[in-house]
Every structure is written in structure tokens, then in C-alpha cells.
>>> print(open('protein-v3.cif').read())   # mmCIF, N, CA and C atoms
data_upload
loop_
_atom_site.group_PDB
_atom_site.id
_atom_site.type_symbol
_atom_site.label_atom_id
_atom_site.label_comp_id
_atom_site.auth_asym_id
_atom_site.auth_seq_id
_atom_site.Cartn_x
_atom_site.Cartn_y
_atom_site.Cartn_z
ATOM 1 N N MET A 20 0.202 -8.187 6.696
ATOM 2 C CA MET A 20 0.207 -7.598 5.375
ATOM 3 C C MET A 20 0.241 -6.080 5.512
ATOM 4 N N LYS A 21 0.958 -5.422 4.652
ATOM 5 C CA LYS A 21 1.191 -3.981 4.755
ATOM 6 C C LYS A 21 0.393 -3.213 3.705
ATOM 7 N N THR A 22 -0.902 -3.443 3.628
ATOM 8 C CA THR A 22 -1.686 -2.782 2.584
ATOM 9 C C THR A 22 -1.703 -1.271 2.743
ATOM 10 N N GLY A 23 -1.470 -0.757 3.939
ATOM 11 C CA GLY A 23 -1.429 0.684 4.137
ATOM 12 C C GLY A 23 -0.297 1.351 3.378
ATOM 13 N N LEU A 24 0.670 0.565 2.920
ATOM 14 C CA LEU A 24 1.770 1.124 2.141
ATOM 15 C C LEU A 24 1.380 1.345 0.681
ATOM 16 N N ILE A 25 0.270 0.778 0.263
ATOM 17 C CA ILE A 25 -0.176 0.965 -1.114
ATOM 18 C C ILE A 25 -1.038 2.219 -1.143
ATOM 19 N N THR A 26 -0.378 3.327 -1.394
ATOM 20 C CA THR A 26 -1.046 4.621 -1.378
ATOM 21 C C THR A 26 -0.912 5.294 -2.741
ATOM 22 N N PRO A 27 -1.822 6.193 -3.064
ATOM 23 C CA PRO A 27 -1.732 6.883 -4.347
ATOM 24 C C PRO A 27 -0.437 7.687 -4.454
ATOM 25 N N VAL A 28 0.122 7.709 -5.651
ATOM 26 C CA VAL A 28 1.263 8.580 -5.888
ATOM 27 C C VAL A 28 0.738 9.977 -6.175
ATOM 28 N N THR A 29 1.555 10.969 -5.924
ATOM 29 C CA THR A 29 1.073 12.345 -6.073
ATOM 30 C C THR A 29 1.817 13.155 -7.119
ATOM 31 N N ASN A 30 2.995 12.730 -7.522
ATOM 32 C CA ASN A 30 3.820 13.589 -8.369
ATOM 33 C C ASN A 30 3.747 13.267 -9.858
ATOM 34 N N ILE A 31 2.893 12.310 -10.244
ATOM 35 C CA ILE A 31 2.712 12.006 -11.666
ATOM 36 C C ILE A 31 1.232 11.768 -11.928
ATOM 37 N N ASP A 32 0.863 11.753 -13.184
ATOM 38 C CA ASP A 32 -0.470 11.359 -13.628
ATOM 39 C C ASP A 32 -1.592 12.129 -12.935
ATOM 40 N N ALA A 33 -1.536 13.453 -13.004
ATOM 41 C CA ALA A 33 -2.586 14.260 -12.388
ATOM 42 C C ALA A 33 -3.914 14.095 -13.122
ATOM 43 N N ASP A 34 -3.863 13.823 -14.406
ATOM 44 C CA ASP A 34 -5.058 13.663 -15.229
ATOM 45 C C ASP A 34 -5.569 12.215 -15.125
ATOM 46 N N ILE A 35 -6.881 12.064 -15.042
ATOM 47 C CA ILE A 35 -7.482 10.731 -14.904
ATOM 48 C C ILE A 35 -7.099 9.828 -16.077
ATOM 49 N N MET A 36 -7.120 10.337 -17.282
ATOM 50 C CA MET A 36 -6.778 9.505 -18.439
ATOM 51 C C MET A 36 -5.312 9.087 -18.405
ATOM 52 N N ASP A 37 -4.433 9.970 -17.904
ATOM 53 C CA ASP A 37 -3.030 9.586 -17.731
ATOM 54 C C ASP A 37 -2.918 8.442 -16.727
ATOM 55 N N CYS A 38 -3.710 8.521 -15.658
ATOM 56 C CA CYS A 38 -3.715 7.443 -14.653
ATOM 57 C C CYS A 38 -4.193 6.137 -15.260
ATOM 58 N N LYS A 39 -5.235 6.200 -16.059
ATOM 59 C CA LYS A 39 -5.770 4.996 -16.702
ATOM 60 C C LYS A 39 -4.712 4.373 -17.608
ATOM 61 N N ARG A 40 -4.066 5.181 -18.415
ATOM 62 C CA ARG A 40 -3.025 4.666 -19.309
ATOM 63 C C ARG A 40 -1.871 4.059 -18.511
ATOM 64 N N HIS A 41 -1.498 4.710 -17.419
ATOM 65 C CA HIS A 41 -0.427 4.191 -16.567
ATOM 66 C C HIS A 41 -0.827 2.831 -15.994
ATOM 67 N N LEU A 42 -2.060 2.718 -15.522
ATOM 68 C CA LEU A 42 -2.552 1.448 -14.986
ATOM 69 C C LEU A 42 -2.499 0.366 -16.061
ATOM 70 N N GLU A 43 -2.882 0.700 -17.283
ATOM 71 C CA GLU A 43 -2.836 -0.274 -18.378
ATOM 72 C C GLU A 43 -1.402 -0.722 -18.654
ATOM 73 N N CYS A 44 -0.457 0.213 -18.593
ATOM 74 C CA CYS A 44 0.957 -0.149 -18.778
ATOM 75 C C CYS A 44 1.430 -1.065 -17.650
ATOM 76 N N GLU A 45 1.040 -0.738 -16.426
ATOM 77 C CA GLU A 45 1.425 -1.575 -15.291
ATOM 78 C C GLU A 45 0.833 -2.973 -15.416
ATOM 79 N N PHE A 46 -0.401 -3.061 -15.923
ATOM 80 C CA PHE A 46 -1.001 -4.379 -16.117
ATOM 81 C C PHE A 46 -0.208 -5.180 -17.145
ATOM 82 N N GLY A 47 0.233 -4.519 -18.199
ATOM 83 C CA GLY A 47 1.072 -5.191 -19.196
ATOM 84 C C GLY A 47 2.372 -5.695 -18.588
ATOM 85 N N GLU A 48 2.978 -4.886 -17.726
ATOM 86 C CA GLU A 48 4.221 -5.300 -17.063
ATOM 87 C C GLU A 48 3.959 -6.476 -16.127
ATOM 88 N N PHE A 49 2.811 -6.460 -15.437
ATOM 89 C CA PHE A 49 2.444 -7.595 -14.599
ATOM 90 C C PHE A 49 2.295 -8.861 -15.440
ATOM 91 N N CYS A 50 1.606 -8.757 -16.572
ATOM 92 C CA CYS A 50 1.395 -9.930 -17.429
ATOM 93 C C CYS A 50 2.723 -10.507 -17.908
ATOM 94 N N GLU A 51 3.638 -9.645 -18.280
ATOM 95 C CA GLU A 51 4.960 -10.105 -18.715
ATOM 96 C C GLU A 51 5.702 -10.790 -17.560
ATOM 97 N N ALA A 52 5.646 -10.190 -16.380
ATOM 98 C CA ALA A 52 6.304 -10.784 -15.214
ATOM 99 C C ALA A 52 5.662 -12.125 -14.860
ATOM 100 N N TRP A 53 4.339 -12.224 -14.992
ATOM 101 C CA TRP A 53 3.627 -13.476 -14.728
ATOM 102 C C TRP A 53 4.140 -14.579 -15.659
ATOM 103 N N ASN A 54 4.225 -14.256 -16.939
ATOM 104 C CA ASN A 54 4.698 -15.247 -17.912
ATOM 105 C C ASN A 54 6.131 -15.665 -17.624
ATOM 106 N N ASN A 55 6.985 -14.711 -17.275
ATOM 107 C CA ASN A 55 8.379 -15.039 -16.958
ATOM 108 C C ASN A 55 8.472 -15.922 -15.727
ATOM 109 N N TYR A 56 7.673 -15.619 -14.728
ATOM 110 C CA TYR A 56 7.680 -16.423 -13.507
ATOM 111 C C TYR A 56 7.238 -17.855 -13.789
ATOM 112 N N HIS A 57 6.168 -18.002 -14.541
ATOM 113 C CA HIS A 57 5.656 -19.344 -14.803
ATOM 114 C C HIS A 57 6.522 -20.121 -15.794
ATOM 115 N N ALA A 58 7.368 -19.430 -16.540
ATOM 116 C CA ALA A 58 8.314 -20.128 -17.414
ATOM 117 C C ALA A 58 9.408 -20.798 -16.594
ATOM 118 N N ASP A 59 9.702 -20.229 -15.418
ATOM 119 C CA ASP A 59 10.731 -20.808 -14.534
ATOM 120 C C ASP A 59 10.415 -20.406 -13.097
ATOM 121 N N GLU A 60 9.554 -21.177 -12.445
ATOM 122 C CA GLU A 60 9.101 -20.852 -11.093
ATOM 123 C C GLU A 60 10.179 -21.020 -10.039
ATOM 124 N N THR A 61 11.306 -21.614 -10.399
ATOM 125 C CA THR A 61 12.409 -21.749 -9.432
ATOM 126 C C THR A 61 13.293 -20.509 -9.416
ATOM 127 N N ASN A 62 13.125 -19.622 -10.380
ATOM 128 C CA ASN A 62 13.945 -18.414 -10.473
ATOM 129 C C ASN A 62 13.399 -17.362 -9.507
ATOM 130 N N LYS A 63 14.144 -17.106 -8.439
ATOM 131 C CA LYS A 63 13.683 -16.173 -7.401
ATOM 132 C C LYS A 63 13.612 -14.733 -7.909
ATOM 133 N N LYS A 64 14.451 -14.371 -8.878
ATOM 134 C CA LYS A 64 14.369 -13.025 -9.448
ATOM 135 C C LYS A 64 13.047 -12.835 -10.183
ATOM 136 N N ASN A 65 12.614 -13.874 -10.893
ATOM 137 C CA ASN A 65 11.320 -13.792 -11.576
ATOM 138 C C ASN A 65 10.185 -13.647 -10.573
ATOM 139 N N MET A 66 10.263 -14.387 -9.458
ATOM 140 C CA MET A 66 9.230 -14.303 -8.428
ATOM 141 C C MET A 66 9.217 -12.918 -7.790
ATOM 142 N N ALA A 67 10.385 -12.382 -7.483
ATOM 143 C CA ALA A 67 10.472 -11.052 -6.883
ATOM 144 C C ALA A 67 9.941 -9.992 -7.853
ATOM 145 N N HIS A 68 10.269 -10.141 -9.120
ATOM 146 C CA HIS A 68 9.788 -9.177 -10.117
ATOM 147 C C HIS A 68 8.268 -9.253 -10.250
ATOM 148 N N LEU A 69 7.707 -10.460 -10.215
ATOM 149 C CA LEU A 69 6.258 -10.613 -10.266
ATOM 150 C C LEU A 69 5.587 -9.885 -9.101
ATOM 151 N N LEU A 70 6.111 -10.067 -7.903
ATOM 152 C CA LEU A 70 5.525 -9.400 -6.736
ATOM 153 C C LEU A 70 5.666 -7.882 -6.839
ATOM 154 N N GLU A 71 6.804 -7.427 -7.330
ATOM 155 C CA GLU A 71 6.999 -5.985 -7.518
ATOM 156 C C GLU A 71 5.946 -5.426 -8.474
ATOM 157 N N GLU A 72 5.703 -6.137 -9.564
ATOM 158 C CA GLU A 72 4.721 -5.653 -10.541
ATOM 159 C C GLU A 72 3.298 -5.701 -9.974
ATOM 160 N N LEU A 73 3.006 -6.683 -9.119
ATOM 161 C CA LEU A 73 1.698 -6.715 -8.462
ATOM 162 C C LEU A 73 1.485 -5.479 -7.588
ATOM 163 N N VAL A 74 2.513 -5.104 -6.833
ATOM 164 C CA VAL A 74 2.400 -3.931 -5.968
ATOM 165 C C VAL A 74 2.343 -2.661 -6.811
ATOM 166 N N ASP A 75 3.114 -2.605 -7.902
ATOM 167 C CA ASP A 75 3.024 -1.464 -8.813
ATOM 168 C C ASP A 75 1.603 -1.334 -9.375
ATOM 169 N N LEU A 76 1.001 -2.458 -9.729
ATOM 170 C CA LEU A 76 -0.354 -2.450 -10.261
ATOM 171 C C LEU A 76 -1.350 -1.971 -9.202
ATOM 172 N N ALA A 77 -1.199 -2.465 -7.975
ATOM 173 C CA ALA A 77 -2.073 -2.025 -6.885
ATOM 174 C C ALA A 77 -1.920 -0.524 -6.647
ATOM 175 N N THR A 78 -0.694 -0.024 -6.724
ATOM 176 C CA THR A 78 -0.454 1.409 -6.539
ATOM 177 C C THR A 78 -1.117 2.217 -7.650
ATOM 178 N N ALA A 79 -1.026 1.719 -8.879
ATOM 179 C CA ALA A 79 -1.676 2.410 -10.001
ATOM 180 C C ALA A 79 -3.194 2.417 -9.808
ATOM 181 N N CYS A 80 -3.751 1.328 -9.289
ATOM 182 C CA CYS A 80 -5.192 1.275 -9.011
ATOM 183 C C CYS A 80 -5.577 2.301 -7.945
ATOM 184 N N MET A 81 -4.810 2.363 -6.872
ATOM 185 C CA MET A 81 -5.114 3.319 -5.798
ATOM 186 C C MET A 81 -4.949 4.753 -6.284
ATOM 187 N N THR A 82 -3.990 4.993 -7.168
ATOM 188 C CA THR A 82 -3.793 6.337 -7.700
ATOM 189 C C THR A 82 -4.986 6.742 -8.558
ATOM 190 N N LEU A 83 -5.461 5.851 -9.417
ATOM 191 C CA LEU A 83 -6.623 6.165 -10.243
ATOM 192 C C LEU A 83 -7.861 6.379 -9.367
ATOM 193 N N ALA A 84 -8.037 5.548 -8.351
ATOM 194 C CA ALA A 84 -9.172 5.722 -7.435
ATOM 195 C C ALA A 84 -9.109 7.097 -6.769
ATOM 196 N N ASP A 85 -7.907 7.504 -6.355
ATOM 197 C CA ASP A 85 -7.723 8.818 -5.727
ATOM 198 C C ASP A 85 -8.101 9.942 -6.675
ATOM 199 N N ARG A 86 -7.666 9.832 -7.948
ATOM 200 C CA ARG A 86 -7.969 10.882 -8.919
ATOM 201 C C ARG A 86 -9.472 10.955 -9.182
ATOM 202 N N ILE A 87 -10.136 9.789 -9.235
ATOM 203 C CA ILE A 87 -11.587 9.787 -9.443
ATOM 204 C C ILE A 87 -12.285 10.433 -8.252
ATOM 205 N N GLU A 88 -11.841 10.087 -7.033
ATOM 206 C CA GLU A 88 -12.427 10.703 -5.833
ATOM 207 C C GLU A 88 -12.310 12.221 -5.890
ATOM 208 N N LYS A 89 -11.150 12.715 -6.282
ATOM 209 C CA LYS A 89 -10.949 14.160 -6.371
ATOM 210 C C LYS A 89 -11.814 14.770 -7.477
ATOM 211 N N ASP A 90 -11.951 14.059 -8.588
ATOM 212 C CA ASP A 90 -12.723 14.564 -9.714
ATOM 213 C C ASP A 90 -14.208 14.682 -9.370
ATOM 214 N N VAL A 91 -14.762 13.687 -8.689
ATOM 215 C CA VAL A 91 -16.191 13.717 -8.346
ATOM 216 C C VAL A 91 -16.456 14.485 -7.063
ATOM 217 N N GLN A 92 -15.395 14.836 -6.349
ATOM 218 C CA GLN A 92 -15.468 15.647 -5.128
ATOM 219 C C GLN A 92 -16.383 15.021 -4.062
ATOM 220 N N ILE A 93 -16.163 13.734 -3.822
ATOM 221 C CA ILE A 93 -16.875 13.042 -2.753
ATOM 222 C C ILE A 93 -15.835 12.635 -1.716
ATOM 223 N N PRO A 94 -15.773 13.364 -0.582
ATOM 224 C CA PRO A 94 -14.761 13.058 0.433
ATOM 225 C C PRO A 94 -14.872 11.614 0.932
ATOM 226 N N ASP A 95 -13.723 10.998 1.147
ATOM 227 C CA ASP A 95 -13.629 9.640 1.705
ATOM 228 C C ASP A 95 -14.261 8.563 0.834
ATOM 229 N N LEU A 96 -14.467 8.853 -0.441
ATOM 230 C CA LEU A 96 -15.058 7.857 -1.342
ATOM 231 C C LEU A 96 -14.198 6.597 -1.409
ATOM 232 N N VAL A 97 -12.890 6.748 -1.537
ATOM 233 C CA VAL A 97 -12.018 5.580 -1.656
ATOM 234 C C VAL A 97 -11.992 4.796 -0.345
ATOM 235 N N ASN A 98 -11.838 5.489 0.773
ATOM 236 C CA ASN A 98 -11.812 4.781 2.064
ATOM 237 C C ASN A 98 -13.115 4.032 2.313
ATOM 238 N N ASN A 99 -14.237 4.661 2.023
ATOM 239 C CA ASN A 99 -15.524 3.995 2.218
ATOM 240 C C ASN A 99 -15.689 2.811 1.274
ATOM 241 N N THR A 100 -15.187 2.949 0.054
ATOM 242 C CA THR A 100 -15.251 1.846 -0.894
ATOM 243 C C THR A 100 -14.375 0.685 -0.434
ATOM 244 N N LEU A 101 -13.180 0.999 0.094
ATOM 245 C CA LEU A 101 -12.313 -0.056 0.633
ATOM 246 C C LEU A 101 -13.010 -0.799 1.771
ATOM 247 N N LEU A 102 -13.673 -0.071 2.651
ATOM 248 C CA LEU A 102 -14.414 -0.707 3.741
ATOM 249 C C LEU A 102 -15.560 -1.560 3.212
ATOM 250 N N MET A 103 -16.259 -1.056 2.210
ATOM 251 C CA MET A 103 -17.375 -1.796 1.638
ATOM 252 C C MET A 103 -16.895 -3.117 1.024
ATOM 253 N N VAL A 104 -15.830 -3.050 0.244
ATOM 254 C CA VAL A 104 -15.305 -4.268 -0.388
ATOM 255 C C VAL A 104 -14.766 -5.228 0.668
ATOM 256 N N GLY A 105 -14.079 -4.693 1.685
ATOM 257 C CA GLY A 105 -13.587 -5.549 2.757
ATOM 258 C C GLY A 105 -14.712 -6.242 3.493
ATOM 259 N N ALA A 106 -15.791 -5.497 3.782
ATOM 260 C CA ALA A 106 -16.937 -6.085 4.473
ATOM 261 C C ALA A 106 -17.620 -7.128 3.592
ATOM 262 N N LYS A 107 -17.742 -6.832 2.322
ATOM 263 C CA LYS A 107 -18.347 -7.780 1.376
ATOM 264 C C LYS A 107 -17.534 -9.072 1.325
ATOM 265 N N ASN A 108 -16.230 -8.943 1.228
ATOM 266 C CA ASN A 108 -15.366 -10.126 1.173
ATOM 267 C C ASN A 108 -15.451 -10.936 2.461
ATOM 268 N N TYR A 109 -15.542 -10.240 3.588
ATOM 269 C CA TYR A 109 -15.667 -10.925 4.882
ATOM 270 C C TYR A 109 -16.990 -11.687 4.967
ATOM 271 N N THR A 110 -18.086 -11.035 4.581
ATOM 272 C CA THR A 110 -19.386 -11.698 4.676
ATOM 273 C C THR A 110 -19.499 -12.870 3.706
ATOM 274 N N ARG A 111 -18.731 -12.823 2.639
ATOM 275 C CA ARG A 111 -18.721 -13.948 1.692
ATOM 276 C C ARG A 111 -17.806 -15.085 2.146
ATOM 277 N N GLY A 112 -17.092 -14.854 3.240
ATOM 278 C CA GLY A 112 -16.225 -15.892 3.775
ATOM 279 C C GLY A 112 -14.875 -16.000 3.095
ATOM 280 N N TYR A 113 -14.453 -14.930 2.397
ATOM 281 C CA TYR A 113 -13.160 -14.964 1.709
ATOM 282 C C TYR A 113 -11.988 -14.900 2.680
ATOM 283 N N HIS A 114 -12.220 -14.359 3.871
ATOM 284 C CA HIS A 114 -11.192 -14.311 4.908
ATOM 285 C C HIS A 114 -11.885 -14.219 6.276
ATOM 286 N N ASP A 115 -11.101 -14.322 7.341
ATOM 287 C CA ASP A 115 -11.669 -14.363 8.682
ATOM 288 C C ASP A 115 -11.443 -13.088 9.486
ATOM 289 N N THR A 116 -10.902 -12.060 8.867
ATOM 290 C CA THR A 116 -10.568 -10.837 9.595
ATOM 291 C C THR A 116 -11.579 -9.734 9.279
ATOM 292 N N PRO A 117 -12.410 -9.359 10.261
ATOM 293 C CA PRO A 117 -13.360 -8.266 10.021
ATOM 294 C C PRO A 117 -12.611 -6.966 9.724
ATOM 295 N N MET A 118 -13.212 -6.119 8.910
ATOM 296 C CA MET A 118 -12.576 -4.847 8.548
ATOM 297 C C MET A 118 -12.602 -3.855 9.699
ATOM 298 N N ILE A 119 -13.576 -3.953 10.578
ATOM 299 C CA ILE A 119 -13.705 -2.980 11.651
ATOM 300 C C ILE A 119 -13.464 -3.674 12.980
#
>>> encode(input="protein-v3.cif", output="C-alpha cells")
Amino acid sequence: MKTGLITPVTNIDADIMDCKRHLECEFGEFCEAWNNYHADETNKKNMAHLLEELVDLATACMTLADRIEKDVQIPDLVNNTLLMVGAKNYTRGYHDTPMI
């Protein structure tokens, strides 16, 4: 899995509220793609579009997290949070790959 490719964007949405609104729009696009996919699960274009919208949504989440980190001025807040969630998921048995 290439999760390292899901990185914050830098050239749009400098304001936290702009990032939040963008994330909400991306969630709406994901919901629409989800409905289209489930209306015809054999349509590969619908499946590809659903996955694209999932990655767009993840990117919007990482961008908002980045803006919050910058706003509160806590270095490595996002990276440490990613490690914390990964460790939590591992200890709960959600997957078998340790984060460290």
C-alpha cells in the first residue's frame, strides 16, 4: 500500500476553514461515487471513480491535519498522531503489521 503518497496539498486551501469546506465537498463526491458504484458494481469506471474519490478524501483529511498542525504550532503532531492511531489499530488486532 502506498499511503506515503497521501500527502497534504500546499497550493490551495491555506485557511483551515477552506480546508474543512474542501473536505466536506470531497466527502460529498465520495458519497456520490459510492452510490454510483453500488448501482452497478460490474462497471469498472464506477469502481475506479470510487477509489479516486477515496484517495481525494484521504488527501483532504491529510491537508486539514497539516493546516491544524501549523495553526497550533506543534511540530510533528500529524506524524505522531499517525503513529498513535497505527499502534492503537495494531493493538486492537485490526492488522498484523506493527507501525515501528
>>> closest_residue(input="protein-v3.cif", among="A:Asn54, A:Asp32, A:Ile87, A:Phe46", to="Glu72 of chain A", atoms="all atoms listed in the file")
A:Phe46
>>> atom_distance(input="protein-v3.cif", atom1="atom CA of Ile35 of chain A", atom2="atom C of Ala67 of chain A")
28.0 Å
>>> closest_residue(input="protein-v3.cif", among="A:Ala77, A:Leu83, A:Ala106, A:Val97", to="Met36 of chain A", atoms="only C-alpha atoms")
A:Leu83
>>> residues_around(input="protein-v3.cif", residues="Leu76 of chain A", least_positions_apart="5", cutoff="7 Å", atoms="all atoms listed in the file", output="ChimeraX atom specification")
/A:42,45-46,71,81
>>> atom_distance(input="protein-v3.cif", atom1="atom CA of Asn30 of chain A", atom2="atom CA of Thr82 of chain A")
10.5 Å
>>> closest_residue(input="protein-v3.cif", among="A:Lys89, A:Thr78, A:Pro94, A:Gly105", to="Val28 of chain A", atoms="all atoms listed in the file")
A:Thr78
>>> atom_distance(input="protein-v3.cif", atom1="atom C of Ile31 of chain A", atom2="atom C of Arg86 of chain A")
11.1 Å
>>> select_by_dssp(input="protein-v3.cif", residues="chain A", states="alpha helix (DSSP H)", output="JSON, numbers by chain")
{"A": [35, 36, 37, 38, 39, 40, 41, 42, 43, 44, 45, 46, 47, 48, 49, 50, 51, 52, 53, 54, 55, 56, 57, 58, 63, 64, 65, 66, 67, 68, 69, 70, 71, 72, 73, 74, 75, 76, 77, 78, 79, 80, 81, 82, 83, 84, 85, 86, 87, 88, 89, 90, 91, 96, 97, 98, 99, 100, 101, 102, 103, 104, 105, 106, 107, 108, 109, 110]}
>>> closest_residue(input="protein-v3.cif", among="A:Pro117, A:Met66, A:Ala79, A:Gln92", to="Val104 of chain A", atoms="only C-alpha atoms")
A:Pro117
>>> axis_aligned_box(input="protein-v3.cif", around="segment 63-66 of chain A", padding_each_side="8 Å", output="AutoDock Vina command-line options")
--center_x 11.8 --center_y -15.0 --center_z -9.5 --size_x 21.2 --size_y 20.3 --size_z 20.2
>>> resolve_selection(input="protein-v3.cif", expression="the PyMOL selection byres (((chain A and resi 52 and name CA) around 8) and name CA)", output="PyMOL selection string")
chain A and resi 48-51+53-56+65+68-69+72
>>> closest_residue(input="protein-v3.cif", among="A:Asp59, A:Thr29, A:Cys80, A:Val91", to="Glu43 of chain A", atoms="only C-alpha atoms")
A:Cys80
>>> closest_residue(input="protein-v3.cif", among="A:Lys63, A:Ala84, A:Leu70, A:His114", to="Pro27 of chain A", atoms="all atoms listed in the file")
A:Ala84
>>> decode(input="protein-v3.cif", residues="segment 89-103 of chain A", atoms="N, CA and C atoms", output="CSV table (one decimal), in the first residue's frame")
chain,number,residue,atom,x,y,z
A,89,LYS,N,0.0,23.2,11.7
A,89,LYS,CA,0.7,24.5,11.6
A,89,LYS,C,0.0,25.6,12.4
A,90,ASP,N,-1.3,25.5,12.5
A,90,ASP,CA,-2.0,26.5,13.3
A,90,ASP,C,-1.7,26.4,14.8
A,91,VAL,N,-1.6,25.2,15.3
A,91,VAL,CA,-1.3,25.1,16.8
A,91,VAL,C,0.2,25.1,17.1
A,92,GLN,N,1.0,25.0,16.0
A,92,GLN,CA,2.4,25.1,16.1
A,92,GLN,C,3.0,24.0,17.0
A,93,ILE,N,2.6,22.8,16.8
A,93,ILE,CA,3.2,21.6,17.5
A,93,ILE,C,3.9,20.8,16.4
A,94,PRO,N,5.2,20.8,16.4
A,94,PRO,CA,5.9,20.1,15.4
A,94,PRO,C,5.6,18.6,15.5
A,95,ASP,N,5.5,18.0,14.3
A,95,ASP,CA,5.3,16.5,14.2
A,95,ASP,C,4.0,16.0,14.8
A,96,LEU,N,3.1,16.9,15.0
A,96,LEU,CA,1.8,16.5,15.6
A,96,LEU,C,1.1,15.4,14.7
A,97,VAL,N,1.1,15.7,13.4
A,97,VAL,CA,0.4,14.7,12.5
A,97,VAL,C,1.1,13.4,12.4
A,98,ASN,N,2.5,13.4,12.3
A,98,ASN,CA,3.2,12.2,12.3
A,98,ASN,C,3.0,11.4,13.6
A,99,ASN,N,3.1,12.0,14.7
A,99,ASN,CA,2.9,11.3,16.0
A,99,ASN,C,1.5,10.8,16.1
A,100,THR,N,0.5,11.5,15.6
A,100,THR,CA,-0.9,11.1,15.6
A,100,THR,C,-1.1,9.9,14.7
A,101,LEU,N,-0.4,9.9,13.5
A,101,LEU,CA,-0.5,8.7,12.7
A,101,LEU,C,0.1,7.5,13.3
A,102,LEU,N,1.2,7.6,14.0
A,102,LEU,CA,1.8,6.5,14.8
A,102,LEU,C,0.9,6.1,15.9
A,103,MET,N,0.3,7.0,16.6
A,103,MET,CA,-0.6,6.6,17.7
A,103,MET,C,-1.8,5.8,17.2
